[in-house]
Amino acid sequence: MALYNFSFAEEFKTLDYIIEKAGRSMFEKPMKEKFSSLEGKNISDERWLLLDIKKYCNGNFSRWTGSQNLKYIETGEKRYYGVPFKIISEEEQLQTCIITKSEIIDGVYDVKIPVNRKVEAIYFLHANYYASPEEIGERKFTIEYSDGTSEGLSLIGEENMFDWWPQKRTENENLKYVLVRTSESFKPPYRNLYIIQWKNPFNEKVISNVGFHSDGKGMRATIIIGITLLLNE
């Protein structure tokens with residue numbers, strides 16, 4: 001009878017090690033991949049505009065829902081799926097994100113951030129709370145042009161709006177996820193941030209401002225962590 005090969009067992013070490021290694025690879029995914037629309041393109045730094053949302057922030061993601069929060073999110077300048085973002089830290093200011101209004105979350109109904117530039121695409125880094133399709137209430141990103149017209153990007157549960165909590169994650173051409181640890185380790189469970197890519201159908205027009213609208217109905221809330229614009233060439 002053959003003896004058990006302990007060196008083979010040692011190569012894989014423990015189940016915890018395997019789980020943590022797999023977790024780390026999932027966390028590396030946003031840094032290694034790109035949105036398909038950015039593949040093969042050499043975009044200069046000058047074309048990226050990281051909107052300064054500091055004065056519009058009304059909440060703190062590290063204290064958002066008590067012990068269940070986003071305290072382990074990596075702050076500073078990050079690049080996910082080829083898009084740079086600025087994530088505000090508590091060292092910069094106590095309020096680090098924009099929290100939108102719901103029946104159980106105190107937040108803003110509307111926020112508008114000036115742009116006044118011609119834009120090819122906009123990338124919204126955010127998290128959602130109570131994002132199931134059964135929830136009522138209107139939630140949408142808003143884009144207003146200088147000619148008075150506007151566009152809206154409605155958030156719809158299980159289509160382009162997914163919860164920060166579940167371990168199931170969804171992505172497509174215009175939607176990508178970014179994981180946040182819930183402890184010092186890289187073991188599950190994780191929390192989910194999402195990036196929505198919005199391609200401007202009228203990129204020859206000047207966008208005066210971008211923002212968000214909530215009618216306050218229902219329990220769902222959106223936490224806006226970063227907004228980045230890809231300017232026209």
# chains A, B, ... in the order shown; residues from 1 in each chain; ligands from 1
>>> residues_around(residues="A:Pro30", least_positions_apart="5", cutoff="12 Å", atoms="only C-alpha atoms", output="NGL selection string")
:A and (24-25 or 35 or 78-84 or 171 or 175-180 or 193-195)
>>> residues_around(residues="stretch 87-97 of chain A", least_positions_apart="4", cutoff="6 Å", atoms="only C-alpha atoms", output="list in words")
Cys57, Asn58, Gly59, Asn60, Thr75, Gly76, Ile224 and Ile225 of chain A
>>> residues_around(residues="A:Ile99", least_positions_apart="3", cutoff="12 Å", atoms="only C-alpha atoms", output="PyMOL selection string")
chain A and resi 53+56-61+64-65+95-96+102+104-111+126-129+139+212-214+216+220-226
>>> residues_around(residues="stretch 39-46 of chain A", least_positions_apart="2", cutoff="12 Å", atoms="only C-alpha atoms", output="number ranges by chain")
A: 32-37, 48-50, 79, 81-84, 173, 228-233
>>> select_by_dssp(residues="stretch 29-233 of chain A", states="strand (DSSP E or B)", output="MDAnalysis selection string")
chainID A and resid 48:50 59 76:80 83:87 97:100 108 110:129 139:145 150:154 157 161 172 175:181 190:199 206:214 221:231
>>> atom_distance(atom1="atom CA of A:Glu120", atom2="atom CA of A:Ile143")
12.4 Å
>>> closest_residue(among="A:Glu184, A:Glu134, A:Asp147, A:Glu103", to="A:Asp215", atoms="only C-alpha atoms")
A:Glu103
>>> residues_around(residues="A:Gln68", least_positions_apart="6", cutoff="12 Å", atoms="only C-alpha atoms", output="PDB file with N, CA and C atoms, in the first residue's frame")
ATOM      1  N   PHE A  61     -18.361  55.889   4.252  1.00  0.00           N
ATOM      2  CA  PHE A  61     -18.587  54.472   3.973  1.00  0.00           C
ATOM      3  C   PHE A  61     -17.976  53.552   5.026  1.00  0.00           C
ATOM      4  N   SER A  62     -16.998  54.035   5.804  1.00  0.00           N
ATOM      5  CA  SER A  62     -16.422  53.177   6.838  1.00  0.00           C
ATOM      6  C   SER A  62     -17.307  53.092   8.073  1.00  0.00           C
ATOM      7  N   TYR A 129     -27.779  49.462  -1.800  1.00  0.00           N
ATOM      8  CA  TYR A 129     -28.347  48.899  -0.581  1.00  0.00           C
ATOM      9  C   TYR A 129     -29.817  48.594  -0.835  1.00  0.00           C
ATOM     10  N   TRP A 164     -24.778  45.453  -2.418  1.00  0.00           N
ATOM     11  CA  TRP A 164     -23.405  45.412  -1.919  1.00  0.00           C
ATOM     12  C   TRP A 164     -23.139  44.160  -1.107  1.00  0.00           C
ATOM     13  N   TRP A 165     -24.187  43.458  -0.669  1.00  0.00           N
ATOM     14  CA  TRP A 165     -24.058  42.386   0.307  1.00  0.00           C
ATOM     15  C   TRP A 165     -23.861  40.999  -0.306  1.00  0.00           C
ATOM     16  N   VAL A 180     -14.632  44.439  -1.890  1.00  0.00           N
ATOM     17  CA  VAL A 180     -14.083  45.060  -0.674  1.00  0.00           C
ATOM     18  C   VAL A 180     -14.036  43.994   0.406  1.00  0.00           C
ATOM     19  N   ARG A 181     -12.912  43.891   1.084  1.00  0.00           N
ATOM     20  CA  ARG A 181     -12.777  42.922   2.176  1.00  0.00           C
ATOM     21  C   ARG A 181     -13.669  43.317   3.354  1.00  0.00           C
ATOM     22  N   THR A 182     -14.038  42.327   4.152  1.00  0.00           N
ATOM     23  CA  THR A 182     -14.797  42.593   5.375  1.00  0.00           C
ATOM     24  C   THR A 182     -13.952  42.344   6.620  1.00  0.00           C
ATOM     25  N   SER A 183     -12.674  42.001   6.422  1.00  0.00           N
ATOM     26  CA  SER A 183     -11.756  41.777   7.545  1.00  0.00           C
ATOM     27  C   SER A 183     -10.343  42.033   7.046  1.00  0.00           C
ATOM     28  N   PRO A 189     -16.745  36.480   3.718  1.00  0.00           N
ATOM     29  CA  PRO A 189     -17.533  37.168   2.684  1.00  0.00           C
ATOM     30  C   PRO A 189     -16.897  38.481   2.263  1.00  0.00           C
ATOM     31  N   TYR A 190     -17.316  38.968   1.099  1.00  0.00           N
ATOM     32  CA  TYR A 190     -16.864  40.249   0.575  1.00  0.00           C
ATOM     33  C   TYR A 190     -18.061  41.164   0.400  1.00  0.00           C
ATOM     34  N   ARG A 191     -17.779  42.438   0.175  1.00  0.00           N
ATOM     35  CA  ARG A 191     -18.809  43.390  -0.194  1.00  0.00           C
ATOM     36  C   ARG A 191     -18.530  43.865  -1.622  1.00  0.00           C
TER      37      ARG A 191
END
>>> closest_residue(among="A:Lys118, A:Ser185, A:Asn160, A:Ile18", to="A:Asn172", atoms="only C-alpha atoms")
A:Asn160
>>> select_by_dssp(residues="stretch 12-228 of chain A", states="helix (DSSP H, G or I)", output="number ranges by chain")
A: 12, 15-32, 36-38, 45-47, 54-56
>>> write_last_selection(atoms="C-alpha atoms", output="CSV table (one decimal), in the first residue's frame")
chain,number,residue,atom,x,y,z
A,12,PHE,CA,-1.5,23.0,-1.2
A,15,LEU,CA,-7.9,25.1,2.9
A,16,ASP,CA,-7.7,28.6,4.3
A,17,TYR,CA,-4.6,29.3,2.2
A,18,ILE,CA,-6.3,28.1,-0.9
A,19,ILE,CA,-9.4,30.2,-0.2
A,20,GLU,CA,-7.4,33.3,0.5
A,21,LYS,CA,-5.3,32.8,-2.6
A,22,ALA,CA,-8.5,32.5,-4.7
A,23,GLY,CA,-9.8,35.6,-3.0
A,24,ARG,CA,-6.7,37.6,-3.8
A,25,SER,CA,-7.0,36.7,-7.5
A,26,MET,CA,-10.6,38.1,-7.5
A,27,PHE,CA,-9.3,41.3,-6.0
A,28,GLU,CA,-6.6,41.6,-8.6
A,29,LYS,CA,-9.2,41.2,-11.5
A,30,PRO,CA,-10.2,44.9,-11.7
A,31,MET,CA,-6.5,45.9,-11.9
A,32,LYS,CA,-5.7,43.4,-14.7
A,36,SER,CA,-14.0,46.2,-23.6
A,37,SER,CA,-14.4,49.7,-25.0
A,38,LEU,CA,-11.0,50.7,-23.6
A,45,ASP,CA,-3.9,61.1,-18.6
A,46,GLU,CA,-5.2,64.5,-19.8
A,47,ARG,CA,-8.4,62.9,-21.1
A,54,LYS,CA,-15.7,66.3,-1.6
A,55,LYS,CA,-18.1,69.2,-1.0
A,56,TYR,CA,-21.1,67.0,-2.0
>>> closest_atom_pairs(of="stretch 67-183 of chain A", to="stretch 202-211 of chain A", cutoff="10 Å", atoms="only C-alpha atoms", output="JSON lines")
{"residue": "A:Asp110", "atom": "CA", "partner": "A:Gly211", "partner_atom": "CA", "distance": 7.2}
{"residue": "A:Val111", "atom": "CA", "partner": "A:Gly211", "partner_atom": "CA", "distance": 5.1}
{"residue": "A:Lys112", "atom": "CA", "partner": "A:Gly211", "partner_atom": "CA", "distance": 4.3}
{"residue": "A:Ile113", "atom": "CA", "partner": "A:Asn209", "partner_atom": "CA", "distance": 5.2}
{"residue": "A:Pro114", "atom": "CA", "partner": "A:Asn209", "partner_atom": "CA", "distance": 4.2}
{"residue": "A:Val115", "atom": "CA", "partner": "A:Asn209", "partner_atom": "CA", "distance": 4.8}
{"residue": "A:Asn116", "atom": "CA", "partner": "A:Ser208", "partner_atom": "CA", "distance": 4.3}
{"residue": "A:Arg117", "atom": "CA", "partner": "A:Val206", "partner_atom": "CA", "distance": 5.2}
{"residue": "A:Lys118", "atom": "CA", "partner": "A:Val206", "partner_atom": "CA", "distance": 4.5}
{"residue": "A:Val119", "atom": "CA", "partner": "A:Asn203", "partner_atom": "CA", "distance": 5.6}
{"residue": "A:Glu120", "atom": "CA", "partner": "A:Asn203", "partner_atom": "CA", "distance": 5.4}
{"residue": "A:Ala121", "atom": "CA", "partner": "A:Asn203", "partner_atom": "CA", "distance": 8.2}
{"residue": "A:Ile122", "atom": "CA", "partner": "A:Val210", "partner_atom": "CA", "distance": 9.1}
{"residue": "A:Lys140", "atom": "CA", "partner": "A:Gly211", "partner_atom": "CA", "distance": 8.6}
{"residue": "A:Phe141", "atom": "CA", "partner": "A:Gly211", "partner_atom": "CA", "distance": 5.7}
{"residue": "A:Thr142", "atom": "CA", "partner": "A:Gly211", "partner_atom": "CA", "distance": 5.0}
{"residue": "A:Ile143", "atom": "CA", "partner": "A:Val210", "partner_atom": "CA", "distance": 4.6}
{"residue": "A:Glu144", "atom": "CA", "partner": "A:Asn209", "partner_atom": "CA", "distance": 5.5}
{"residue": "A:Tyr145", "atom": "CA", "partner": "A:Ile207", "partner_atom": "CA", "distance": 4.2}
{"residue": "A:Ser146", "atom": "CA", "partner": "A:Ser208", "partner_atom": "CA", "distance": 5.0}
{"residue": "A:Asp147", "atom": "CA", "partner": "A:Val206", "partner_atom": "CA", "distance": 8.0}
{"residue": "A:Gly148", "atom": "CA", "partner": "A:Ser208", "partner_atom": "CA", "distance": 8.9}
{"residue": "A:Thr149", "atom": "CA", "partner": "A:Ile207", "partner_atom": "CA", "distance": 9.5}
{"residue": "A:Ser150", "atom": "CA", "partner": "A:Ile207", "partner_atom": "CA", "distance": 8.9}
{"residue": "A:Glu151", "atom": "CA", "partner": "A:Val210", "partner_atom": "CA", "distance": 9.6}
{"residue": "A:Gly152", "atom": "CA", "partner": "A:Gly211", "partner_atom": "CA", "distance": 9.5}
>>> write_last_selection(atoms="N, CA and C atoms", output="mmCIF file, in the first residue's frame")
data_model
loop_
_atom_site.group_PDB
_atom_site.id
_atom_site.type_symbol
_atom_site.label_atom_id
_atom_site.label_comp_id
_atom_site.auth_asym_id
_atom_site.auth_seq_id
_atom_site.Cartn_x
_atom_site.Cartn_y
_atom_site.Cartn_z
ATOM 1 N N ASP A 110 -31.323 64.936 -4.527
ATOM 2 C CA ASP A 110 -30.662 65.313 -5.777
ATOM 3 C C ASP A 110 -29.290 65.898 -5.482
ATOM 4 N N VAL A 111 -28.350 65.577 -6.354
ATOM 5 C CA VAL A 111 -27.038 66.202 -6.297
ATOM 6 C C VAL A 111 -26.599 66.475 -7.735
ATOM 7 N N LYS A 112 -26.001 67.651 -7.964
ATOM 8 C CA LYS A 112 -25.503 68.012 -9.283
ATOM 9 C C LYS A 112 -24.078 68.537 -9.145
ATOM 10 N N ILE A 113 -23.179 67.974 -9.958
ATOM 11 C CA ILE A 113 -21.761 68.335 -9.907
ATOM 12 C C ILE A 113 -21.372 68.955 -11.247
ATOM 13 N N PRO A 114 -20.863 70.182 -11.247
ATOM 14 C CA PRO A 114 -20.528 70.859 -12.510
ATOM 15 C C PRO A 114 -19.449 70.118 -13.300
ATOM 16 N N VAL A 115 -19.601 70.148 -14.631
ATOM 17 C CA VAL A 115 -18.624 69.530 -15.528
ATOM 18 C C VAL A 115 -18.162 70.541 -16.582
ATOM 19 N N ASN A 116 -19.107 70.977 -17.431
ATOM 20 C CA ASN A 116 -18.833 71.958 -18.496
ATOM 21 C C ASN A 116 -17.714 71.512 -19.436
ATOM 22 N N ARG A 117 -17.839 70.265 -19.861
ATOM 23 C CA ARG A 117 -16.872 69.693 -20.810
ATOM 24 C C ARG A 117 -17.610 68.772 -21.784
ATOM 25 N N LYS A 118 -16.952 68.510 -22.916
ATOM 26 C CA LYS A 118 -17.453 67.496 -23.842
ATOM 27 C C LYS A 118 -16.906 66.141 -23.416
ATOM 28 N N VAL A 119 -17.792 65.178 -23.332
ATOM 29 C CA VAL A 119 -17.453 63.917 -22.673
ATOM 30 C C VAL A 119 -17.804 62.733 -23.571
ATOM 31 N N GLU A 120 -16.910 61.776 -23.619
ATOM 32 C CA GLU A 120 -17.159 60.547 -24.383
ATOM 33 C C GLU A 120 -17.888 59.502 -23.544
ATOM 34 N N ALA A 121 -17.488 59.369 -22.271
ATOM 35 C CA ALA A 121 -18.106 58.366 -21.397
ATOM 36 C C ALA A 121 -17.949 58.784 -19.942
ATOM 37 N N ILE A 122 -18.841 58.263 -19.100
ATOM 38 C CA ILE A 122 -18.789 58.532 -17.664
ATOM 39 C C ILE A 122 -18.790 57.197 -16.923
ATOM 40 N N LYS A 140 -31.565 57.198 -10.169
ATOM 41 C CA LYS A 140 -30.912 57.318 -11.467
ATOM 42 C C LYS A 140 -29.786 58.347 -11.433
ATOM 43 N N PHE A 141 -28.757 58.058 -12.216
ATOM 44 C CA PHE A 141 -27.722 59.045 -12.492
ATOM 45 C C PHE A 141 -28.268 60.006 -13.544
ATOM 46 N N THR A 142 -27.916 61.264 -13.415
ATOM 47 C CA THR A 142 -28.443 62.281 -14.319
ATOM 48 C C THR A 142 -27.308 62.995 -15.044
ATOM 49 N N ILE A 143 -27.576 63.329 -16.303
ATOM 50 C CA ILE A 143 -26.602 64.049 -17.133
ATOM 51 C C ILE A 143 -27.339 65.192 -17.810
ATOM 52 N N GLU A 144 -26.911 66.415 -17.575
ATOM 53 C CA GLU A 144 -27.551 67.582 -18.174
ATOM 54 C C GLU A 144 -26.573 68.277 -19.116
ATOM 55 N N TYR A 145 -27.083 68.625 -20.306
ATOM 56 C CA TYR A 145 -26.279 69.323 -21.304
ATOM 57 C C TYR A 145 -26.491 70.830 -21.213
ATOM 58 N N SER A 146 -25.549 71.555 -21.777
ATOM 59 C CA SER A 146 -25.615 73.019 -21.701
ATOM 60 C C SER A 146 -26.757 73.595 -22.526
ATOM 61 N N ASP A 147 -27.315 72.801 -23.451
ATOM 62 C CA ASP A 147 -28.437 73.303 -24.253
ATOM 63 C C ASP A 147 -29.782 73.080 -23.570
ATOM 64 N N GLY A 148 -29.764 72.579 -22.331
ATOM 65 C CA GLY A 148 -30.993 72.386 -21.575
ATOM 66 C C GLY A 148 -31.587 70.997 -21.669
ATOM 67 N N THR A 149 -31.071 70.151 -22.551
ATOM 68 C CA THR A 149 -31.547 68.773 -22.644
ATOM 69 C C THR A 149 -30.840 67.916 -21.585
ATOM 70 N N SER A 150 -31.338 66.710 -21.411
ATOM 71 C CA SER A 150 -30.760 65.854 -20.379
ATOM 72 C C SER A 150 -30.923 64.385 -20.735
ATOM 73 N N GLU A 151 -30.135 63.555 -20.093
ATOM 74 C CA GLU A 151 -30.219 62.107 -20.201
ATOM 75 C C GLU A 151 -30.236 61.543 -18.779
ATOM 76 N N GLY A 152 -30.835 60.365 -18.638
ATOM 77 C CA GLY A 152 -30.854 59.703 -17.344
ATOM 78 C C GLY A 152 -30.412 58.262 -17.480
#
>>> atom_distance(atom1="atom CA of A:Asn192", atom2="atom CA of A:Ser154")
19.2 Å
>>> atom_distance(atom1="atom CA of A:Tyr72", atom2="atom CA of A:Gly137")
29.3 Å
>>> closest_residue(among="A:Gly66, A:Met219, A:Asn174, A:Ile227", to="A:Lys199", atoms="only C-alpha atoms")
A:Asn174
